[in-house]
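**Q** Provided herewith: data_32.txt, compact mmCIF, C-alpha atoms.
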# COMPACT_ATOMS: atom_id res chain seq x y z
CA MET A 50 -18.39 -5.40 -17.89
CA LEU A 51 -18.98 -6.45 -14.30
CA THR A 52 -19.85 -3.67 -11.85
CA TYR A 53 -19.23 -4.54 -8.22
CA PRO A 54 -21.87 -4.19 -5.50
CA ALA A 55 -21.97 -0.96 -3.54
CA ASP A 56 -20.54 -2.73 -0.49
CA THR A 57 -17.24 -3.49 -2.30
CA ALA A 58 -14.42 -0.91 -2.33
CA LEU A 59 -11.18 -0.71 -4.28
CA ILE A 60 -8.02 0.29 -2.39
CA VAL A 61 -5.14 1.51 -4.58
CA VAL A 62 -1.95 1.50 -2.53
CA ASP A 63 0.92 3.97 -3.03
CA LEU A 64 0.91 4.38 -6.80
CA GLN A 65 3.64 7.02 -6.71
CA PRO A 66 6.66 7.87 -8.93
CA ASP A 67 9.23 7.00 -6.25
CA PHE A 68 8.03 3.37 -6.46
CA MET A 69 8.34 3.27 -10.26
CA PRO A 70 11.46 2.44 -12.29
CA GLY A 71 13.78 5.44 -12.02
CA GLY A 72 12.32 6.43 -8.66
CA ALA A 73 13.99 6.49 -5.27
CA LEU A 74 12.64 3.06 -4.25
CA PRO A 75 11.64 1.32 -7.48
CA CYS A 76 9.47 -1.76 -7.42
CA HIS A 77 10.12 -4.49 -9.96
CA GLU A 78 8.15 -3.43 -13.07
CA GLY A 79 6.21 -1.00 -10.89
CA ASP A 80 4.99 1.06 -13.82
CA ALA A 81 3.48 -1.98 -15.57
CA ILE A 82 0.33 -1.86 -13.44
CA VAL A 83 -0.53 1.77 -14.14
CA PRO A 84 -2.57 1.24 -17.34
CA GLY A 85 -4.66 -1.51 -15.77
CA ILE A 86 -5.41 0.49 -12.63
CA ALA A 87 -6.17 3.59 -14.69
CA ALA A 88 -8.66 1.58 -16.76
CA LEU A 89 -10.19 0.05 -13.65
CA LEU A 90 -10.87 3.46 -12.11
CA ALA A 91 -12.12 4.90 -15.40
CA SER A 92 -14.57 2.02 -15.80
CA GLY A 93 -16.58 3.11 -12.77
CA ARG A 94 -16.88 -0.50 -11.61
CA TYR A 95 -16.36 0.53 -7.98
CA ALA A 96 -18.63 3.01 -6.25
CA THR A 97 -16.00 3.53 -3.53
CA VAL A 98 -12.31 3.98 -4.31
CA VAL A 99 -9.59 4.70 -1.75
CA ALA A 100 -6.06 5.73 -2.73
CA THR A 101 -3.18 5.74 -0.25
CA GLN A 102 -0.15 7.98 -0.50
CA ASP A 103 3.17 7.49 1.29
CA TRP A 104 3.92 10.94 2.76
CA HIS A 105 7.10 11.01 4.83
CA PRO A 106 8.94 13.82 6.60
CA ALA A 107 12.54 14.21 5.42
CA ASP A 108 13.86 12.81 8.71
CA HIS A 109 11.71 9.69 8.75
CA ALA A 110 13.00 6.90 11.01
CA SER A 111 12.75 4.30 8.23
CA PHE A 112 15.29 6.13 6.07
CA ALA A 113 18.79 4.64 6.12
CA SER A 114 20.13 8.20 5.90
CA GLN A 115 18.91 8.78 9.46
CA HIS A 116 21.06 5.94 10.84
CA PRO A 117 24.80 6.64 10.49
CA GLY A 118 26.74 3.66 9.21
CA ARG A 119 23.61 1.92 7.93
CA ALA A 120 22.71 1.21 4.31
CA PRO A 121 19.35 0.88 2.54
CA PHE A 122 17.70 -2.54 2.93
CA GLU A 123 19.58 -3.34 6.13
CA GLN A 124 17.47 -4.48 9.08
CA ILE A 125 17.42 -2.78 12.46
CA THR A 126 15.15 -2.98 15.50
CA LEU A 127 12.78 -0.03 15.89
CA HIS A 128 10.39 0.14 18.85
CA GLY A 129 11.14 -3.52 19.52
CA GLN A 130 10.18 -4.66 16.02
CA PRO A 131 12.18 -5.51 12.87
CA GLN A 132 12.52 -2.50 10.58
CA THR A 133 13.84 -2.45 7.03
CA LEU A 134 15.82 0.69 6.28
CA TRP A 135 14.80 2.31 3.01
CA PRO A 136 16.30 4.87 0.67
CA ASP A 137 14.79 8.30 1.24
CA HIS A 138 11.49 8.19 -0.65
CA CYS A 139 8.06 9.81 -0.91
CA VAL A 140 9.16 12.88 1.04
CA ALA A 141 6.08 15.03 1.59
CA GLY A 142 5.61 17.56 -1.18
CA SER A 143 8.29 16.10 -3.45
CA PRO A 144 7.57 15.05 -7.06
CA GLY A 145 8.27 11.42 -6.14
CA ALA A 146 5.52 11.50 -3.52
CA ALA A 147 2.80 12.66 -5.93
CA LEU A 148 0.13 10.24 -7.03
CA ASP A 149 0.86 8.94 -10.52
CA GLY A 150 -0.27 11.53 -13.03
CA ARG A 151 -1.50 8.99 -15.59
CA ILE A 152 -4.51 8.14 -13.45
CA ASP A 153 -7.65 10.21 -12.94
CA TRP A 154 -7.66 10.47 -9.16
CA ASN A 155 -10.94 12.39 -9.25
CA ARG A 156 -12.42 8.88 -9.25
CA ALA A 157 -11.12 8.38 -5.69
CA ASN A 158 -13.51 9.05 -2.81
CA LEU A 159 -10.68 9.23 -0.28
CA ILE A 160 -6.94 9.88 -0.51
CA LEU A 161 -5.27 8.64 2.66
CA ARG A 162 -1.76 9.90 3.44
CA LYS A 163 0.31 7.61 5.64
CA GLY A 164 3.78 7.51 7.15
CA SER A 165 3.70 11.16 8.17
CA ARG A 166 4.94 10.52 11.72
CA ALA A 167 8.72 10.80 11.80
CA ASP A 168 9.23 8.00 14.32
CA VAL A 169 6.83 5.35 12.96
CA ASP A 170 6.78 3.57 9.60
CA SER A 171 3.43 2.89 7.97
CA TYR A 172 2.91 0.15 5.41
CA SER A 173 -0.79 -0.62 5.82
CA ALA A 174 -3.71 1.59 4.89
CA PHE A 175 -5.41 0.51 8.13
CA PHE A 176 -2.72 0.71 10.81
CA GLU A 177 0.68 2.30 11.18
CA ASN A 178 3.57 0.02 12.13
CA HIS A 179 4.45 -0.41 15.80
CA GLY A 180 5.09 2.85 17.61
CA PRO A 181 7.12 3.67 20.74
CA ASP A 182 4.40 2.29 23.03
CA GLY A 183 4.24 -1.01 21.15
CA SER A 184 0.83 -0.35 19.60
CA ARG A 185 -0.15 0.02 15.95
CA PRO A 186 -2.24 3.22 15.71
CA ALA A 187 -5.29 3.00 13.47
CA THR A 188 -5.57 5.30 10.46
CA GLY A 189 -9.37 5.42 10.74
CA LEU A 190 -9.90 3.78 7.34
CA ALA A 191 -11.81 0.78 8.71
CA SER A 192 -14.37 3.03 10.40
CA TRP A 193 -14.67 5.20 7.30
CA LEU A 194 -15.39 2.15 5.14
CA ARG A 195 -17.92 0.74 7.58
CA GLU A 196 -19.77 4.06 7.72
CA ARG A 197 -20.17 3.73 3.95
CA GLY A 198 -21.53 0.18 4.27
CA ILE A 199 -18.41 -1.49 2.85
CA THR A 200 -17.97 -5.17 3.71
CA ALA A 201 -15.48 -6.24 1.01
CA VAL A 202 -12.30 -4.68 -0.35
CA HIS A 203 -10.14 -5.35 -3.38
CA VAL A 204 -6.50 -4.25 -3.03
CA CYS A 205 -3.89 -3.38 -5.64
CA GLY A 206 -0.84 -1.13 -6.05
CA LEU A 207 2.70 -1.03 -4.69
CA ALA A 208 4.53 -2.74 -3.22
CA ARG A 209 3.03 -6.23 -3.40
CA ASP A 210 5.29 -7.64 -0.66
CA TYR A 211 4.98 -4.75 1.78
CA CYS A 212 2.28 -2.09 1.74
CA VAL A 213 -0.29 -3.99 -0.36
CA LEU A 214 0.26 -7.19 1.63
CA TRP A 215 -0.03 -5.46 5.00
CA THR A 216 -3.14 -3.59 3.84
CA ALA A 217 -4.77 -6.86 2.78
CA GLN A 218 -3.83 -8.62 6.02
CA ASP A 219 -5.14 -5.79 8.18
CA ALA A 220 -8.35 -5.56 6.16
CA ALA A 221 -8.98 -9.26 6.70
CA ALA A 222 -8.18 -8.98 10.41
CA ALA A 223 -10.67 -6.10 10.64
CA GLY A 224 -13.41 -8.34 9.26
CA PHE A 225 -13.55 -7.29 5.63
CA GLN A 226 -13.72 -9.85 2.83
CA VAL A 227 -10.51 -9.29 0.88
CA SER A 228 -9.47 -9.96 -2.70
CA PHE A 229 -5.84 -9.39 -3.68
CA LEU A 230 -5.58 -8.27 -7.32
CA TRP A 231 -2.26 -9.98 -7.97
CA ASP A 232 -1.70 -8.77 -11.54
CA LEU A 233 -2.29 -5.17 -10.46
CA THR A 234 0.52 -5.31 -7.91
CA ARG A 235 4.30 -5.53 -8.18
CA PRO A 236 6.92 -6.38 -5.53
CA VAL A 237 10.05 -4.59 -4.40
CA SER A 238 11.74 -7.80 -5.55
CA PRO A 239 10.28 -10.93 -7.18
CA GLU A 240 11.95 -12.93 -4.40
CA GLY A 241 9.14 -11.70 -2.17
CA ASP A 242 6.38 -13.32 -4.22
CA ALA A 243 6.45 -16.80 -2.66
CA PRO A 244 6.36 -15.48 0.94
CA THR A 245 3.60 -13.05 -0.05
CA ARG A 246 1.45 -15.84 -1.46
CA ALA A 247 2.05 -17.90 1.67
CA ALA A 248 1.06 -14.99 3.91
CA LEU A 249 -2.11 -14.34 1.94
CA ASP A 250 -3.04 -18.03 2.09
CA ALA A 251 -2.45 -18.08 5.85
CA ALA A 252 -4.79 -15.10 6.25
CA GLY A 253 -7.49 -16.68 4.07
CA ILE A 254 -7.22 -13.90 1.49
CA GLY A 255 -8.28 -14.69 -2.06
CA ILE A 256 -5.76 -14.04 -4.82
CA VAL A 257 -7.33 -12.85 -8.07
CA GLU A 258 -5.23 -13.69 -11.12
CA GLY A 259 -6.09 -11.45 -14.07
CA SER A 260 -6.44 -7.70 -13.69
CA ASN A 261 -10.14 -7.31 -14.42
CA GLU A 262 -11.79 -10.39 -12.97
The structure given in the file should be rewritten as structure tokens.

**A**
Amino acid sequence: MLTYPADTALIVVDLQPDFMPGGALPCHEGDAIVPGIAALLASGRYATVVATQDWHPADHASFASQHPGRAPFEQITLHGQPQTLWPDHCVAGSPGAALDGRIDWNRANLILRKGSRADVDSYSAFFENHGPDGSRPATGLASWLRERGITAVHVCGLARDYCVLWTAQDAAAAGFQVSFLWDLTRPVSPEGDAPTRAALDAAGIGIVEGSNE
């Protein structure tokens, strides 16, 4: 089985119960990718593994419950940018915010919690969404990876059309070579797949079909 060079890292995005069927914000077939990702980590093919974890306060600005008269999946403007309103999900310390228990997370070198600021959403592992001052604050992940000599990243997890996509785009913009492990991602809705592929193509990001290529 292929082992990747030491300069290649795996980023597993938001593999949490709230994004699985039955969770607060279920992705389409979100649980289907768990066995493949569990096997990938267990194989030891990556010397560096990063896991991200959505970790929101209960009054997070992206929650529809914080906007009277608004419903989940409606669009508003937040800090001058489009914002999708979500069902309350991945509230810090809740069972739905835990990392999926079917995976050995001891294989991860870093667990990065994101979305912990009440007034700013955070899809990407590299940058939060736009804040009140119009900027996208860095999470520090790019510097951490560079300090470890990482030049390439492979991304997988949930959701394909939001957090995994934004993570891949930001990684490419930061100068990393990016591979998008398509079969180890799932979308909020399959309707997002065509726009996701178009966005990846526009960013020059390679799509890997097949979970263990």

**Q** Counting all atoms listed in the file, write as an MDAnalysis selection string all protein and nucleic acid residues lying at most 12 Å from (3.9, 7.8, 20.3) in the file's frame.

**A** chainID A and resid 128 166:170 177:186

**Q** I'd like the neighbourhood of Glu78 (chain A) as a list in words, where a residue qualifies if any of its atoms comes within 9 Å (using only C-alpha atoms), though same-chain residues fewer than 3 positions away should be ignored.

**A**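 So the residues in contact are Met69, Pro70, Pro75, Ala81, Ile82, Arg235, Pro236 and Val237 of chain A.
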
**Q** Compile the contact shell of Asp153 (chain A) as a PyMOL selection string: residues with an atom at most 8 Å away, counting only C-alpha atoms, same-chain residues fewer than 2 positions apart removed.

**A** chain A and resi 87+90-91+150-151+155-156

**Q** Excluding Ile256 (chain A) and any residue of its chain fewer than 4 positions from it, enumerate the residues within 8 Å of it, using all atoms listed in the file, and give them as a VMD selection string.

**A** chain A and resid 228 to 231 249

**Q** Between A:Ile199, A:Ala252, A:Ala120, A:Ala100, which is the closest to Lys163 (chain A) once you count all atoms listed in the file?

**A**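 Between A:Ile199, A:Ala252, A:Ala120, A:Ala100, the residue approaching Lys163 (chain A) most closely is A:Ala100.
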
**Q** With a distance cut-off of 7 Å and all atoms listed in the file, select the neighbouring residues of Asn158 (chain A), excluding the residue or stretch itself and same-chain residues fewer than 3 positions from it, and output the selection as a short mmCIF file (atom, residue, chain, number, x, y, z; two decimals) with C-alpha atoms, keeping the file's coordinate frame.

**A**
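Final output, saved to result.cif:
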data_model
loop_
_atom_site.label_atom_id
_atom_site.label_comp_id
_atom_site.auth_asym_id
_atom_site.auth_seq_id
_atom_site.Cartn_x
_atom_site.Cartn_y
_atom_site.Cartn_z
CA THR A 97 -16.00 3.53 -3.53
CA VAL A 98 -12.31 3.98 -4.31
CA VAL A 99 -9.59 4.70 -1.75
#

**Q** Quick one, how far is CA of Gly198 (chain A) from CA of Gly224 (chain A)?

**A**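 CA of Gly198 (chain A) sits 12.8 Å away from CA of Gly224 (chain A).
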
**Q** Of the candidates A:Leu134, A:Ala243, A:Ala96, A:Ala88, which one gets nearest to Ala110 (chain A) if we count all atoms listed in the file?

**A**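 Distance minimum relative to Ala110 (chain A) lands on A:Leu134.
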
**Q** Do you know which residues lie at most 10 Å from (4.6, -7.9, 5.1), with coordinates as in the file and all atoms listed in the file counted, and could you write them as a VMD selection string?

**A** chain A and resid 172 to 173 208 to 218 241 244 to 245 248 to 249

**Q** Write a file of the just-selected residues containing C-alpha atoms, as a compact mmCIF listing (two decimals), in the coordinates of the input.

**A**
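Heads up, here's the output in again.txt:
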# COMPACT_ATOMS: atom_id res chain seq x y z
CA TYR A 172 2.91 0.15 5.41
CA SER A 173 -0.79 -0.62 5.82
CA ALA A 208 4.53 -2.74 -3.22
CA ARG A 209 3.03 -6.23 -3.40
CA ASP A 210 5.29 -7.64 -0.66
CA TYR A 211 4.98 -4.75 1.78
CA CYS A 212 2.28 -2.09 1.74
CA VAL A 213 -0.29 -3.99 -0.36
CA LEU A 214 0.26 -7.19 1.63
CA TRP A 215 -0.03 -5.46 5.00
CA THR A 216 -3.14 -3.59 3.84
CA ALA A 217 -4.77 -6.86 2.78
CA GLN A 218 -3.83 -8.62 6.02
CA GLY A 241 9.14 -11.70 -2.17
CA PRO A 244 6.36 -15.48 0.94
CA THR A 245 3.60 -13.05 -0.05
CA ALA A 248 1.06 -14.99 3.91
CA LEU A 249 -2.11 -14.34 1.94

**Q** Taking 2 positions as the minimum chain separation for residues in the same chain, which residues sit within 12 Å of Gly145 (chain A) when counting only C-alpha atoms? Answer as an mmCIF file with C-alpha atoms, keeping the file's coordinate frame.

**A**
data_model
loop_
_atom_site.group_PDB
_atom_site.id
_atom_site.type_symbol
_atom_site.label_atom_id
_atom_site.label_comp_id
_atom_site.auth_asym_id
_atom_site.auth_seq_id
_atom_site.Cartn_x
_atom_site.Cartn_y
_atom_site.Cartn_z
ATOM 1 C CA ASP A 63 0.920 3.970 -3.030
ATOM 2 C CA LEU A 64 0.910 4.380 -6.800
ATOM 3 C CA GLN A 65 3.640 7.020 -6.710
ATOM 4 C CA PRO A 66 6.660 7.870 -8.930
ATOM 5 C CA ASP A 67 9.230 7.000 -6.250
ATOM 6 C CA PHE A 68 8.030 3.370 -6.460
ATOM 7 C CA MET A 69 8.340 3.270 -10.260
ATOM 8 C CA PRO A 70 11.460 2.440 -12.290
ATOM 9 C CA GLY A 71 13.780 5.440 -12.020
ATOM 10 C CA GLY A 72 12.320 6.430 -8.660
ATOM 11 C CA ALA A 73 13.990 6.490 -5.270
ATOM 12 C CA LEU A 74 12.640 3.060 -4.250
ATOM 13 C CA PRO A 75 11.640 1.320 -7.480
ATOM 14 C CA GLN A 102 -0.150 7.980 -0.500
ATOM 15 C CA ASP A 103 3.170 7.490 1.290
ATOM 16 C CA TRP A 104 3.920 10.940 2.760
ATOM 17 C CA HIS A 105 7.100 11.010 4.830
ATOM 18 C CA ASP A 137 14.790 8.300 1.240
ATOM 19 C CA HIS A 138 11.490 8.190 -0.650
ATOM 20 C CA CYS A 139 8.060 9.810 -0.910
ATOM 21 C CA VAL A 140 9.160 12.880 1.040
ATOM 22 C CA ALA A 141 6.080 15.030 1.590
ATOM 23 C CA GLY A 142 5.610 17.560 -1.180
ATOM 24 C CA SER A 143 8.290 16.100 -3.450
ATOM 25 C CA ALA A 147 2.800 12.660 -5.930
ATOM 26 C CA LEU A 148 0.130 10.240 -7.030
ATOM 27 C CA ASP A 149 0.860 8.940 -10.520
ATOM 28 C CA GLY A 150 -0.270 11.530 -13.030
#

**Q** Just need the box for region 216-229 of chain A, edges along x, y and z, holding every atom the file lists for it with 8 Å tacked onto each side, so centre and edge lengths in Å to one decimal, as JSON.

**A**
{"center_x": -8.4, "center_y": -6.8, "center_z": 3.5, "size_x": 26.6, "size_y": 22.4, "size_z": 30.3}

**Q** Measuring atom to atom with only C-alpha atoms, identify which of A:Ile86, A:Gln226, A:Gly253, A:Ser111 is nearest to Thr126 (chain A).

**A** A:Ser111
